[in-house]
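File shown: structure_35.csv (CSV, C-alpha atoms).
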```
chain,number,residue,atom,x,y,z
K,27,MET,CA,14.3,-29.3,8.4
K,28,PRO,CA,10.7,-28.5,7.5
K,29,ARG,CA,9.2,-25.1,8.3
K,30,GLU,CA,6.8,-24.8,11.1
K,31,ARG,CA,3.1,-25.0,10.3
K,32,GLY,CA,0.1,-23.8,12.3
K,33,GLU,CA,-0.3,-21.5,15.2
K,34,LYS,CA,1.6,-21.6,18.6
K,35,VAL,CA,0.3,-19.2,21.2
K,36,VAL,CA,3.1,-17.7,23.4
K,37,ALA,CA,1.1,-15.3,25.6
K,38,THR,CA,-2.4,-14.0,26.0
K,39,ASN,CA,-3.7,-10.9,27.7
K,40,ARG,CA,-6.6,-12.3,29.7
K,41,ARG,CA,-7.1,-9.2,31.7
K,42,ALA,CA,-7.8,-7.1,28.6
K,43,ARG,CA,-11.3,-8.6,28.0
K,44,HIS,CA,-12.2,-7.6,31.6
K,45,GLU,CA,-10.8,-4.1,31.4
K,46,TYR,CA,-11.8,-3.2,27.8
K,47,THR,CA,-14.6,-3.6,25.3
K,48,ILE,CA,-13.0,-5.0,22.2
K,49,GLU,CA,-14.2,-3.3,19.0
K,50,LYS,CA,-12.0,-4.9,16.3
K,51,THR,CA,-8.8,-6.9,16.2
K,52,TYR,CA,-5.9,-6.8,13.8
K,53,GLU,CA,-3.0,-9.2,13.2
K,54,ALA,CA,0.5,-7.5,13.0
K,55,GLY,CA,4.0,-8.7,12.5
K,56,LEU,CA,6.8,-7.8,14.9
K,57,VAL,CA,10.3,-6.6,14.3
K,58,LEU,CA,12.4,-8.6,16.7
K,59,SER,CA,16.0,-9.3,17.4
K,60,GLY,CA,17.4,-12.9,17.4
K,61,THR,CA,17.4,-13.4,21.2
K,62,GLU,CA,13.8,-12.1,21.5
K,63,VAL,CA,12.7,-14.8,19.0
K,64,LYS,CA,14.5,-17.5,21.0
K,65,SER,CA,13.0,-16.2,24.3
K,66,LEU,CA,9.5,-16.3,22.7
K,67,ARG,CA,10.0,-19.8,21.4
K,68,GLU,CA,10.6,-20.8,25.0
K,69,GLY,CA,7.2,-19.4,25.8
K,70,ARG,CA,8.4,-16.4,27.8
K,71,ALA,CA,6.4,-13.2,27.4
K,72,ASN,CA,4.0,-11.0,29.3
K,73,LEU,CA,1.4,-8.7,27.6
K,74,THR,CA,-0.3,-7.4,30.8
K,75,ASP,CA,1.0,-3.9,30.8
K,76,GLY,CA,1.5,-3.5,27.1
K,77,TYR,CA,0.0,-1.1,24.7
K,78,ALA,CA,0.4,0.0,21.1
K,79,TYR,CA,0.6,3.5,19.6
K,80,ILE,CA,1.0,5.2,16.2
K,81,ASP,CA,3.8,7.7,15.7
K,82,GLY,CA,4.8,9.2,12.3
K,83,GLY,CA,2.7,6.8,10.3
K,84,GLU,CA,4.3,3.7,12.0
K,85,ALA,CA,2.8,1.5,14.7
K,86,PHE,CA,4.8,0.5,17.8
K,87,LEU,CA,4.3,-1.9,20.7
K,88,ASP,CA,5.5,-0.7,24.1
K,89,ALA,CA,5.8,-2.1,27.6
K,90,VAL,CA,5.5,-5.7,26.5
K,91,ASN,CA,7.9,-7.8,28.6
K,92,ILE,CA,10.0,-10.4,26.7
K,93,PRO,CA,12.6,-11.6,29.2
K,94,GLN,CA,16.2,-11.9,28.2
K,95,TYR,CA,17.2,-15.2,26.7
K,96,LEU,CA,18.9,-17.3,29.3
K,97,GLN,CA,21.7,-18.7,27.1
K,98,GLY,CA,22.3,-15.3,25.6
K,99,ASN,CA,25.4,-13.2,26.2
K,100,TRP,CA,26.3,-9.6,25.5
K,101,THR,CA,24.0,-9.6,22.4
K,102,ASN,CA,20.9,-10.0,24.6
K,103,HIS,CA,18.0,-7.6,24.1
K,104,ALA,CA,16.4,-5.2,26.6
K,105,ALA,CA,13.3,-6.8,28.1
K,106,LYS,CA,10.8,-3.9,27.8
K,107,ARG,CA,12.0,-2.1,24.7
K,108,THR,CA,9.7,-0.5,22.1
K,109,ARG,CA,9.1,-2.8,19.1
K,110,LYS,CA,7.9,-1.9,15.7
K,111,LEU,CA,4.6,-3.4,14.4
K,112,LEU,CA,4.2,-4.4,10.8
K,113,LEU,CA,0.8,-3.4,9.5
K,114,HIS,CA,-0.6,-2.2,6.1
K,115,LYS,CA,-0.7,1.5,5.6
K,116,GLU,CA,-4.5,1.6,5.4
K,117,GLU,CA,-4.8,-0.3,8.7
K,118,ILE,CA,-2.4,2.2,10.4
K,119,VAL,CA,-4.4,5.2,9.0
K,120,ARG,CA,-7.7,3.6,10.2
K,121,LEU,CA,-6.3,2.9,13.6
K,122,SER,CA,-4.8,6.4,13.9
K,123,HIS,CA,-8.1,8.0,13.1
K,124,ALA,CA,-10.0,5.9,15.6
K,125,VAL,CA,-7.5,6.6,18.4
K,126,SER,CA,-7.2,10.3,17.7
K,127,ALA,CA,-11.0,10.6,17.7
K,128,GLY,CA,-10.8,9.7,21.4
K,129,GLY,CA,-12.0,7.0,23.8
K,130,TYR,CA,-10.1,4.2,22.0
K,131,THR,CA,-6.7,2.6,22.7
K,132,LEU,CA,-4.6,-0.1,21.1
K,133,ILE,CA,-3.9,-3.1,23.3
K,134,PRO,CA,-2.1,-6.4,22.6
K,135,MET,CA,-4.4,-9.4,23.0
K,136,LYS,CA,-2.2,-12.4,22.0
K,137,LEU,CA,1.4,-13.1,21.0
K,138,TYR,CA,1.9,-16.1,18.8
K,139,PHE,CA,3.8,-17.8,16.1
K,140,SER,CA,1.9,-18.3,12.8
K,141,ASP,CA,3.8,-20.6,10.4
K,142,GLY,CA,7.0,-19.8,12.2
K,143,ARG,CA,6.6,-16.0,12.1
K,144,ALA,CA,6.0,-14.0,15.3
K,145,LYS,CA,2.7,-12.2,15.3
K,146,VAL,CA,0.7,-10.1,17.7
K,147,GLU,CA,-3.0,-9.6,17.7
K,148,ILE,CA,-3.8,-6.0,18.7
K,149,ALA,CA,-7.3,-4.8,19.5
K,150,LEU,CA,-9.0,-1.4,19.1
K,151,ALA,CA,-10.6,-1.2,22.5
K,152,LYS,CA,-12.6,1.2,24.7
K,153,GLY,CA,-12.1,1.2,28.4
K,154,LYS,CA,-14.9,-0.2,30.6
K,155,ARG,CA,-16.4,1.7,33.6
K,156,GLU,CA,-16.5,-0.1,36.9
K,157,TYR,CA,-20.2,-0.8,36.7
K,158,ASP,CA,-19.7,-2.3,33.2
K,159,LYS,CA,-17.2,-4.7,34.7
K,160,ARG,CA,-19.5,-5.7,37.5
K,161,GLN,CA,-22.4,-6.2,35.0
K,162,THR,CA,-20.2,-8.4,32.8
K,163,LEU,CA,-19.2,-10.6,35.8
K,164,ARG,CA,-22.9,-10.8,36.9
K,165,GLU,CA,-24.0,-11.9,33.4
K,166,ARG,CA,-21.3,-14.6,33.3
K,167,GLN,CA,-22.3,-15.9,36.7
K,168,ASP,CA,-26.0,-16.0,35.8
K,169,LYS,CA,-25.2,-17.9,32.6
K,170,ARG,CA,-23.1,-20.5,34.5
K,171,GLU,CA,-25.9,-21.0,37.1
K,172,ALA,CA,-28.5,-21.5,34.3
K,173,GLU,CA,-26.3,-24.0,32.6
K,174,ARG,CA,-25.8,-25.9,35.9
K,175,ALA,CA,-29.6,-25.9,36.5
K,176,MET,CA,-30.2,-27.3,33.0
K,177,ARG,CA,-27.5,-30.0,33.5
K,178,SER,CA,-29.0,-31.1,36.8
K,179,ARG,CA,-32.5,-31.1,35.4
K,180,ASN,CA,-31.4,-33.2,32.4
K,181,ARG,CA,-29.7,-35.7,34.7
K,182,LEU,CA,-32.9,-36.1,36.7
K,183,GLY,CA,-35.0,-36.6,33.6
K,184,ASP,CA,-32.8,-39.5,32.4
```

Rewrite the structure of this file - the entire thing - as structure tokens.
Amino acid sequence: MPRERGEKVVATNRRARHEYTIEKTYEAGLVLSGTEVKSLREGRANLTDGYAYIDGGEAFLDAVNIPQYLQGNWTNHAAKRTRKLLLHKEEIVRLSHAVSAGGYTLIPMKLYFSDGRAKVEIALAKGKREYDKRQTLRERQDKREAERAMRSRNRLGD
């Protein structure tokens, strides 16, 4: 059987772009058990409450919900366990300095399979204030209205 090719997205954290300003993203591997991989291949995961942290020179992903595998038995995994992230040492040091300086947090953006291997995209992010969120929504709405006006104007000109 040939190996998988390409990228298959399992879950995305859509709320993150609304709640945080994304500074930089990193791709990290995940240390998973067998039933976790099977559950992910079925497309079952939730990143909404998840976060990453660095402890003792290692990166971890916490509060990400990967439900138990339905056909699993006593070897099934815990749904919200802490999972180790696989990053280069320089990346871990860089992230650690940014988070310890204050104001930044690590959040999971996307969980996917890349060439058959489970990966997570984590972002170095800064929390938005309430007025920043409202301003972002207003800008998006203004942009949509301008595009609608241009489309209707172009249709009338034809």

*Got a sec to check which residues sit within 12 Å of (8.7, -19.1, 26.6), counting all atoms listed in the file, and write them as a ChimeraX atom specification?*
/K:34-37,61-72,91-96,137-139

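Between atom CA of K:Ala149 and atom CA of K:Lys136 lies a distance of 9.5 Å.
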
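Across the model, the gap from atom CA of K:Arg160 to atom CA of K:Arg174 is 21.2 Å.
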
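Compared by their closest atoms to K:Asp75, and using only C-alpha atoms, the residues K:Pro134, K:Glu49, K:Thr108, K:Gly55 rank with K:Pro134 nearest.
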
Can you pull out the residues contacting K:Glu117? Cut-off 12 Å, using all atoms listed in the file, and skip same-chain residues under 2 positions away; I want them as a PDB file with C-alpha atoms, keeping the file's coordinate frame.
```
ATOM      1  CA  LYS K  50     -12.000  -4.900  16.300  1.00  0.00           C
ATOM      2  CA  THR K  51      -8.800  -6.900  16.200  1.00  0.00           C
ATOM      3  CA  TYR K  52      -5.900  -6.800  13.800  1.00  0.00           C
ATOM      4  CA  GLU K  53      -3.000  -9.200  13.200  1.00  0.00           C
ATOM      5  CA  ALA K  54       0.500  -7.500  13.000  1.00  0.00           C
ATOM      6  CA  ILE K  80       1.000   5.200  16.200  1.00  0.00           C
ATOM      7  CA  GLY K  83       2.700   6.800  10.300  1.00  0.00           C
ATOM      8  CA  GLU K  84       4.300   3.700  12.000  1.00  0.00           C
ATOM      9  CA  ALA K  85       2.800   1.500  14.700  1.00  0.00           C
ATOM     10  CA  LEU K 111       4.600  -3.400  14.400  1.00  0.00           C
ATOM     11  CA  LEU K 112       4.200  -4.400  10.800  1.00  0.00           C
ATOM     12  CA  LEU K 113       0.800  -3.400   9.500  1.00  0.00           C
ATOM     13  CA  HIS K 114      -0.600  -2.200   6.100  1.00  0.00           C
ATOM     14  CA  LYS K 115      -0.700   1.500   5.600  1.00  0.00           C
ATOM     15  CA  VAL K 119      -4.400   5.200   9.000  1.00  0.00           C
ATOM     16  CA  ARG K 120      -7.700   3.600  10.200  1.00  0.00           C
ATOM     17  CA  LEU K 121      -6.300   2.900  13.600  1.00  0.00           C
ATOM     18  CA  SER K 122      -4.800   6.400  13.900  1.00  0.00           C
ATOM     19  CA  HIS K 123      -8.100   8.000  13.100  1.00  0.00           C
ATOM     20  CA  ALA K 124     -10.000   5.900  15.600  1.00  0.00           C
ATOM     21  CA  ILE K 148      -3.800  -6.000  18.700  1.00  0.00           C
ATOM     22  CA  ALA K 149      -7.300  -4.800  19.500  1.00  0.00           C
ATOM     23  CA  LEU K 150      -9.000  -1.400  19.100  1.00  0.00           C
TER      24      LEU K 150
END
```

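With atom CA of K:Lys152 on one side and atom CA of K:Val90 on the other, the separation reads 19.5 Å.
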
*Using all atoms listed in the file, which residue out of K:Thr101, K:Ser178, K:Gln167, K:Thr74 lies closest to K:Glu45?*
K:Thr74

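The shortest atom-to-atom distance to K:Val57, with all atoms listed in the file taken into account, belongs to K:Phe86 out of K:Arg29, K:Phe86, K:Tyr130, K:Gly142.
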
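Here the question is which of K:Ala151, K:Ala172, K:Ala104, K:Leu56 gets nearest to K:Met135 using all atoms listed in the file, and that residue is K:Ala151.
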